[in-house]
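Novice: coords_19.txt is the file, holding compact mmCIF, C-alpha atoms and all ligand atoms:
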# COMPACT_ATOMS: atom_id res chain seq x y z
CA MET A 1207 204.75 142.00 -121.76
CA PRO A 1208 204.45 139.65 -118.78
CA LEU A 1209 207.98 138.46 -118.06
CA THR A 1210 206.90 135.96 -115.46
CA ILE A 1211 209.07 132.88 -115.60
CA PRO A 1212 206.83 129.80 -115.84
CA SER A 1213 207.20 127.46 -112.87
CA ARG A 1214 207.12 124.52 -115.28
CA ILE A 1215 206.12 123.57 -118.80
CA GLN A 1216 204.90 120.01 -119.19
CA THR A 1217 205.05 117.96 -122.40
CA ALA A 1218 204.27 114.29 -123.06
CA ARG A 1219 207.66 113.09 -121.77
CA LEU A 1220 209.36 116.16 -120.35
CA THR A 1221 209.25 118.77 -117.64
CA ILE A 1222 210.87 122.10 -118.46
CA ARG A 1223 211.51 124.09 -115.29
CA PRO A 1224 213.71 126.97 -114.11
CA ILE A 1225 217.22 125.85 -113.22
CA GLN A 1226 218.25 125.64 -109.55
CA GLU A 1227 221.72 125.47 -108.08
CA SER A 1228 221.04 121.86 -107.10
CA ASP A 1229 220.76 120.99 -110.84
CA LEU A 1230 224.35 122.03 -111.53
CA GLU A 1231 225.94 118.58 -111.21
CA ALA A 1232 223.41 117.07 -113.60
CA VAL A 1233 223.86 119.96 -116.05
CA PHE A 1234 227.64 119.54 -115.81
CA ALA A 1235 227.26 115.82 -116.60
CA CYS A 1236 225.41 116.81 -119.79
CA TYR A 1237 227.91 119.46 -120.87
CA ASN A 1238 231.08 117.61 -119.90
CA HIS A 1239 231.33 115.99 -123.35
CA HIS A 1240 233.28 117.38 -126.29
CA GLU A 1241 230.48 116.69 -128.79
CA VAL A 1242 227.96 118.65 -126.72
CA THR A 1243 230.07 121.78 -126.37
CA ARG A 1244 231.93 121.51 -129.69
CA TYR A 1245 229.97 124.40 -131.18
CA CYS A 1246 228.73 126.07 -127.98
CA PRO A 1247 231.11 128.40 -126.18
CA PRO A 1248 232.54 127.95 -123.62
CA THR A 1249 233.66 124.79 -125.38
CA ARG A 1250 235.53 123.36 -122.40
CA TRP A 1251 233.29 122.21 -119.58
CA ASP A 1252 235.99 120.27 -117.80
CA SER A 1253 235.32 121.14 -114.18
CA MET A 1254 232.51 122.06 -111.83
CA GLU A 1255 234.11 125.48 -111.67
CA THR A 1256 233.08 126.07 -115.30
CA ALA A 1257 229.57 125.06 -114.32
CA ARG A 1258 229.51 127.38 -111.29
CA ASN A 1259 230.83 130.34 -113.34
CA TRP A 1260 228.25 129.64 -116.02
CA PHE A 1261 225.50 129.49 -113.38
CA ALA A 1262 226.61 132.82 -111.87
CA ARG A 1263 226.43 134.51 -115.28
CA ILE A 1264 223.01 132.98 -115.92
CA GLN A 1265 221.69 134.12 -112.54
CA GLN A 1266 222.80 137.67 -113.31
CA ARG A 1267 221.02 137.65 -116.68
CA VAL A 1268 217.87 136.20 -115.13
CA ALA A 1269 217.95 138.84 -112.39
CA ASP A 1270 218.31 141.56 -115.03
CA GLY A 1271 215.21 140.23 -116.82
CA GLY A 1272 217.22 139.40 -119.93
CA ALA A 1273 216.99 135.61 -119.71
CA MET A 1274 214.97 132.59 -118.60
CA GLN A 1275 217.11 129.50 -118.06
CA PHE A 1276 215.50 126.08 -117.83
CA VAL A 1277 216.53 122.48 -117.36
CA ILE A 1278 214.87 119.71 -119.33
CA GLU A 1279 213.91 116.73 -117.20
CA LEU A 1280 212.56 113.31 -118.15
CA THR A 1281 209.36 113.45 -116.14
CA ALA A 1282 209.04 109.75 -115.34
CA GLN A 1283 212.66 109.32 -114.20
CA ARG A 1284 213.14 112.88 -112.88
CA THR A 1285 216.48 112.91 -114.72
CA VAL A 1286 217.90 116.18 -116.05
CA ILE A 1287 218.89 115.54 -119.68
CA GLY A 1288 219.71 119.05 -120.88
CA SER A 1289 218.85 122.72 -120.82
CA CYS A 1290 217.20 125.43 -122.84
CA VAL A 1291 217.18 129.17 -122.49
CA LEU A 1292 215.46 132.29 -123.73
CA PHE A 1293 218.00 135.09 -123.61
CA LYS A 1294 218.66 138.54 -125.05
CA ILE A 1295 214.99 139.14 -124.30
CA ASP A 1296 214.16 142.48 -125.91
CA GLU A 1297 210.84 143.72 -124.60
CA SER A 1298 210.55 146.66 -126.99
CA SER A 1299 210.99 144.54 -130.11
CA LEU A 1300 209.25 141.49 -128.58
CA ARG A 1301 212.13 139.25 -129.49
CA ALA A 1302 214.43 136.75 -127.79
CA GLU A 1303 217.16 134.28 -128.67
CA LEU A 1304 216.91 130.55 -128.08
CA GLY A 1305 219.72 128.35 -126.76
CA TYR A 1306 219.69 124.62 -126.02
CA ALA A 1307 221.77 121.51 -125.41
CA LEU A 1308 221.12 117.86 -124.58
CA GLY A 1309 223.39 115.36 -122.90
CA ARG A 1310 225.04 113.15 -125.57
CA ASN A 1311 223.14 110.01 -124.50
CA TYR A 1312 219.81 111.70 -125.21
CA TRP A 1313 220.29 112.83 -128.82
CA GLY A 1314 218.15 111.41 -131.59
CA ALA A 1315 214.99 110.70 -129.61
CA GLY A 1316 213.12 113.90 -130.40
CA TYR A 1317 213.52 115.29 -126.87
CA MET A 1318 214.82 118.68 -127.94
CA HIS A 1319 212.11 119.02 -130.54
CA GLU A 1320 209.52 118.31 -127.86
CA ALA A 1321 211.08 120.74 -125.37
CA LEU A 1322 211.63 123.58 -127.83
CA ALA A 1323 208.16 123.26 -129.36
CA ALA A 1324 206.71 123.77 -125.88
CA LEU A 1325 209.05 126.65 -125.06
CA ILE A 1326 208.36 128.35 -128.39
CA GLU A 1327 204.61 127.98 -127.86
CA HIS A 1328 205.05 129.57 -124.42
CA ALA A 1329 207.15 132.41 -125.84
CA PHE A 1330 204.63 133.27 -128.55
CA SER A 1331 201.36 132.55 -126.70
CA GLN A 1332 202.11 133.53 -123.09
CA MET A 1333 204.89 136.09 -123.48
CA ALA A 1334 203.45 137.46 -126.73
CA LEU A 1335 206.88 137.58 -128.36
CA HIS A 1336 206.89 138.41 -132.05
CA ARG A 1337 210.16 136.81 -133.14
CA LEU A 1338 212.64 134.19 -131.94
CA GLU A 1339 216.22 133.89 -133.11
CA ALA A 1340 218.96 131.30 -132.90
CA GLU A 1341 222.58 131.72 -133.84
CA ILE A 1342 224.53 128.54 -134.54
CA ASP A 1343 227.78 127.39 -136.06
CA PRO A 1344 226.97 126.38 -139.67
CA ARG A 1345 228.91 123.12 -139.11
CA ASN A 1346 226.44 122.15 -136.36
CA GLU A 1347 224.17 119.96 -138.48
CA ALA A 1348 222.19 118.40 -135.63
CA SER A 1349 221.28 121.85 -134.36
CA ALA A 1350 220.43 123.21 -137.82
CA ASN A 1351 218.14 120.22 -138.41
CA SER A 1352 216.38 120.79 -135.08
CA LEU A 1353 215.75 124.43 -135.95
CA LEU A 1354 214.52 123.69 -139.48
CA ARG A 1355 212.19 120.96 -138.15
CA LEU A 1356 210.65 123.58 -135.85
CA GLY A 1357 210.07 126.00 -138.74
CA PHE A 1358 213.04 128.32 -138.27
CA VAL A 1359 214.39 129.90 -141.45
CA LEU A 1360 218.09 130.49 -142.13
CA GLU A 1361 218.16 134.26 -142.68
CA GLY A 1362 221.85 134.79 -143.21
CA THR A 1363 225.41 133.87 -142.34
CA LEU A 1364 227.46 136.26 -140.25
CA ARG A 1365 231.11 135.86 -141.19
CA GLU A 1366 233.77 135.12 -138.56
CA ARG A 1367 231.41 136.15 -135.79
CA TRP A 1368 232.81 134.02 -132.96
CA ILE A 1369 236.30 133.52 -131.59
CA ASP A 1370 236.62 130.77 -129.02
CA ASP A 1371 239.89 129.11 -128.01
CA ASP A 1372 241.54 130.85 -131.00
CA GLU A 1373 239.07 129.22 -133.39
CA ILE A 1374 237.19 131.69 -135.58
CA SER A 1375 233.78 130.59 -136.83
CA ASP A 1376 230.84 131.90 -138.83
CA ALA A 1377 227.34 132.06 -137.40
CA GLY A 1378 224.12 131.05 -139.11
CA LEU A 1379 221.28 133.33 -138.02
CA TYR A 1380 217.90 131.60 -137.86
CA GLY A 1381 214.57 133.32 -137.27
CA LEU A 1382 211.02 132.26 -136.52
CA LEU A 1383 208.04 134.64 -136.53
CA ALA A 1384 205.02 134.12 -134.29
CA ARG A 1385 202.59 134.24 -137.23
CA ASP A 1386 204.54 131.55 -139.07
CA TRP A 1387 204.59 129.39 -135.93
CA PHE A 1388 200.83 129.67 -135.43
CA ALA A 1389 200.11 129.02 -139.13
CA ARG A 1390 202.30 125.93 -138.96
CA GLN A 1391 200.56 124.66 -135.83
CA GLN A 1392 197.17 125.11 -137.55
CA ALA A 1393 198.42 123.16 -140.58
CA ILE A 1394 199.76 120.32 -138.39
CA ARG A 1395 196.44 119.93 -136.51
C1 LIG B 1 221.20 120.21 -131.13
C2 LIG B 1 220.72 119.01 -130.33
C3 LIG B 1 219.95 119.44 -129.11
C4 LIG B 1 219.81 118.16 -131.21
O1 LIG B 1 219.48 116.96 -130.55
P1 LIG B 1 218.49 115.95 -131.26
O2 LIG B 1 218.19 114.88 -130.32
O3 LIG B 1 219.05 115.58 -132.59
O4 LIG B 1 217.28 116.92 -131.49
P2 LIG B 1 215.77 116.69 -131.82
O5 LIG B 1 214.93 116.64 -130.61
O6 LIG B 1 215.45 117.70 -132.86
O7 LIG B 1 215.73 115.22 -132.34
C5 LIG B 1 215.56 114.95 -133.66
C6 LIG B 1 216.16 113.60 -133.96
O8 LIG B 1 215.49 112.60 -133.18
C7 LIG B 1 214.76 111.71 -134.05
N1 LIG B 1 213.47 111.44 -133.38
C8 LIG B 1 213.18 110.27 -132.78
N2 LIG B 1 211.96 110.35 -132.24
C9 LIG B 1 211.48 111.58 -132.50
C10 LIG B 1 210.27 112.26 -132.19
N3 LIG B 1 209.30 111.66 -131.47
N4 LIG B 1 210.11 113.55 -132.59
C11 LIG B 1 211.08 114.17 -133.31
N5 LIG B 1 212.27 113.57 -133.61
C12 LIG B 1 212.45 112.29 -133.24
C13 LIG B 1 214.64 112.44 -135.37
O9 LIG B 1 214.55 111.56 -136.44
C14 LIG B 1 215.94 113.23 -135.39
O10 LIG B 1 217.03 112.44 -135.80
P3 LIG B 1 217.95 112.89 -136.99
O11 LIG B 1 218.53 114.23 -136.61
O12 LIG B 1 218.95 111.81 -137.09
O13 LIG B 1 217.04 113.01 -138.17
C15 LIG B 1 221.92 118.11 -129.89
O14 LIG B 1 222.61 117.69 -131.02
C16 LIG B 1 222.85 118.85 -128.95
O15 LIG B 1 222.61 118.97 -127.77
N6 LIG B 1 223.97 119.35 -129.52
C17 LIG B 1 224.99 120.05 -128.74
C18 LIG B 1 224.53 121.39 -128.25
C19 LIG B 1 224.24 122.32 -129.39
O16 LIG B 1 224.81 122.22 -130.44
N7 LIG B 1 223.31 123.27 -129.13
C20 LIG B 1 222.87 124.24 -130.10
C21 LIG B 1 223.79 125.34 -130.42
S1 LIG B 1 224.71 126.03 -129.08
When written as structure tokens, how does the structure in this file appear?

Specialist:
Amino acid sequence: MPLTIPSRIQTARLTIRPIQESDLEAVFACYNHHEVTRYCPPTRWDSMETARNWFARIQQRVADGGAMQFVIELTAQRTVIGSCVLFKIDESSLRAELGYALGRNYWGAGYMHEALAALIEHAFSQMALHRLEAEIDPRNEASANSLLRLGFVLEGTLRERWIDDDEISDAGLYGLLARDWFARQQAIR
């Protein structure tokens, strides 16, 4: 499977491109809001140090070939509004997990739908992945709605899967198969 990281993915309003260190302040501005990180560990993004530690972990995963981390930019304004990631890339099973977050000011405008649709299309068409997964807190309704709108199916609930800041939470496991994605795209056209 070609694991080449795309230099950019363009949509009608957005540019999705690999993160650079110079994006960190803009990414921090997105994540430094309790509603954004409420269900996404680490839940406290209260300093640039959190951002730098996060970036170091990401860089390691990218170097190992296990992840592709992107920022989402409004093309016209060249403003970073969020991020998305393919991680836990498993080449033998042709599968990866999807992660994503938008700055609070940018919710409700369909930006994440637009970004993830393009990233999913890339993952299935260019990387030839067979299956994508997402694991979210069942209380995270905005995220569940985004996944369902994209055609993900809730496949099960993993009990008390996460412990963060002494809070124990379940995880909803969502899955999307390449053949279902392509069938859906055909039906939409
Ligand atoms: C999850 C998250 C990205 C969803 O953001 P969002 O803006 O609601 O996501 P979408 O792009 O799917 O937008 C859909 C919303 O925009 C509206 N919308 C407006 N224009 C639209 C368009 N052109 N296309 C699609 N939706 C559009 C939809 O009606 C929908 O609103 P609704 O949820 O009230 O029905 C956001 O809530 C977030 O960043 N949360 C914190 C991080 C997080 O939880 N990440 C995931 C787990 S770690």

Novice: Can I get the residues of chain A within 10 Å of ligand LIG 1 (chain B), each with the closest pair of atoms and their distance in Å to one decimal, using all atoms listed in the file, sorted chain first then ascending number, as a Markdown table?

Specialist:
| residue | atom | partner | partner_atom | distance |
| --- | --- | --- | --- | --- |
| A:Arg1219 | CA | B:LIG1 | N3 | 9.9 |
| A:Cys1236 | CA | B:LIG1 | O15 | 8.7 |
| A:Tyr1237 | CA | B:LIG1 | C18 | 8.3 |
| A:His1239 | CA | B:LIG1 | C17 | 9.3 |
| A:His1240 | CA | B:LIG1 | C17 | 9.0 |
| A:Glu1241 | CA | B:LIG1 | C17 | 6.4 |
| A:Val1242 | CA | B:LIG1 | C17 | 3.9 |
| A:Thr1243 | CA | B:LIG1 | C18 | 5.9 |
| A:Arg1244 | CA | B:LIG1 | C17 | 7.2 |
| A:Tyr1245 | CA | B:LIG1 | O16 | 5.7 |
| A:Cys1246 | CA | B:LIG1 | S1 | 4.2 |
| A:Pro1247 | CA | B:LIG1 | S1 | 7.4 |
| A:Pro1248 | CA | B:LIG1 | S1 | 9.7 |
| A:Thr1249 | CA | B:LIG1 | S1 | 9.8 |
| A:Ile1287 | CA | B:LIG1 | O15 | 9.5 |
| A:Gly1288 | CA | B:LIG1 | O15 | 7.5 |
| A:Ser1289 | CA | B:LIG1 | O15 | 8.7 |
| A:Cys1290 | CA | B:LIG1 | N7 | 9.0 |
| A:Leu1304 | CA | B:LIG1 | C20 | 8.9 |
| A:Gly1305 | CA | B:LIG1 | S1 | 6.0 |
| A:Tyr1306 | CA | B:LIG1 | N7 | 5.0 |
| A:Ala1307 | CA | B:LIG1 | O15 | 3.6 |
| A:Leu1308 | CA | B:LIG1 | O15 | 3.7 |
| A:Gly1309 | CA | B:LIG1 | O15 | 6.1 |
| A:Arg1310 | CA | B:LIG1 | O15 | 6.7 |
| A:Asn1311 | CA | B:LIG1 | O2 | 9.1 |
| A:Tyr1312 | CA | B:LIG1 | O2 | 6.2 |
| A:Trp1313 | CA | B:LIG1 | O2 | 3.3 |
| A:Gly1314 | CA | B:LIG1 | O8 | 3.3 |
| A:Ala1315 | CA | B:LIG1 | C8 | 3.7 |
| A:Gly1316 | CA | B:LIG1 | O5 | 3.3 |
| A:Tyr1317 | CA | B:LIG1 | O5 | 4.2 |
| A:Met1318 | CA | B:LIG1 | O5 | 3.4 |
| A:His1319 | CA | B:LIG1 | O5 | 3.7 |
| A:Glu1320 | CA | B:LIG1 | O5 | 6.3 |
| A:Ala1321 | CA | B:LIG1 | O5 | 7.7 |
| A:Leu1322 | CA | B:LIG1 | O5 | 8.2 |
| A:Ala1323 | CA | B:LIG1 | O5 | 9.6 |
| A:Ala1340 | CA | B:LIG1 | C21 | 8.1 |
| A:Glu1341 | CA | B:LIG1 | C21 | 7.3 |
| A:Ile1342 | CA | B:LIG1 | C21 | 5.3 |
| A:Asp1343 | CA | B:LIG1 | C21 | 7.2 |
| A:Pro1344 | CA | B:LIG1 | C21 | 9.8 |
| A:Arg1345 | CA | B:LIG1 | O16 | 9.6 |
| A:Asn1346 | CA | B:LIG1 | O16 | 6.1 |
| A:Glu1347 | CA | B:LIG1 | C1 | 7.9 |
| A:Ala1348 | CA | B:LIG1 | O14 | 4.7 |
| A:Ser1349 | CA | B:LIG1 | C1 | 3.6 |
| A:Ala1350 | CA | B:LIG1 | C1 | 7.4 |
| A:Asn1351 | CA | B:LIG1 | O11 | 6.3 |
| A:Ser1352 | CA | B:LIG1 | O6 | 3.9 |
| A:Leu1353 | CA | B:LIG1 | O6 | 7.4 |
| A:Leu1354 | CA | B:LIG1 | O6 | 9.0 |
| A:Arg1355 | CA | B:LIG1 | O6 | 7.0 |
| A:Leu1356 | CA | B:LIG1 | O6 | 8.2 |

Novice: Restricting the calculation to only C-alpha atoms, which member of A:Ala1302, A:Ile1394, A:Ala1324, A:Leu1292 is positioned closest to Thr1217 in chain A?

Specialist: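 Of all the options, A:Ala1324 lies closest to Thr1217 in chain A.
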
Novice: Would you please work out which residue, of A:Leu1325, A:Val1233, A:Leu1338, A:Leu1300, is nearest to Gln1216 in chain A when using only C-alpha atoms?

Specialist: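 Distance minimum relative to Gln1216 in chain A lands on A:Leu1325.
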
Novice: Which value, in Å to one decimal, gives the distance between CA of Gly1362 in chain A and CA of Arg1390 in chain A?

Specialist: 21.9 Å

Novice: Quick one: residues within 8 Å of Phe1358 in chain A, all atoms listed in the file, excluding same-chain residues fewer than 6 positions away - as a list of chain:residue names?

Specialist: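 Returned residues: A:Tyr1380, A:Gly1381, A:Leu1382.
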
Novice: Separation of CA of Ser1213 in chain A and CA of Ser1299 in chain A, in Å?

Specialist: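 Value for the CA of Ser1213 in chain A-CA of Ser1299 in chain A distance: 24.6 Å.
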
Novice: Which of these residues is nearest to Ile1225 in chain A, using all atoms listed in the file: A:Ile1211, A:Val1277, A:Met1254, A:Val1268?

Specialist: A:Val1277

Novice: Taking into account only C-alpha atoms, which residue in the set A:Leu1383, A:Ala1377, A:Ala1329, A:Leu1280 is nearest to Ile1295 in chain A?

Specialist: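 The closest residue to Ile1295 in chain A is A:Ala1329.
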
Novice: Could you list as a list in words every residue that has an atom within 9 Å of (224.0, 138.6, -140.2), using the file's coordinates and counting all atoms listed in the file?

Specialist: Glu1361, Gly1362, Thr1363, Leu1364, Arg1365, Arg1367, Ala1377, Gly1378 and Leu1379 of chain A
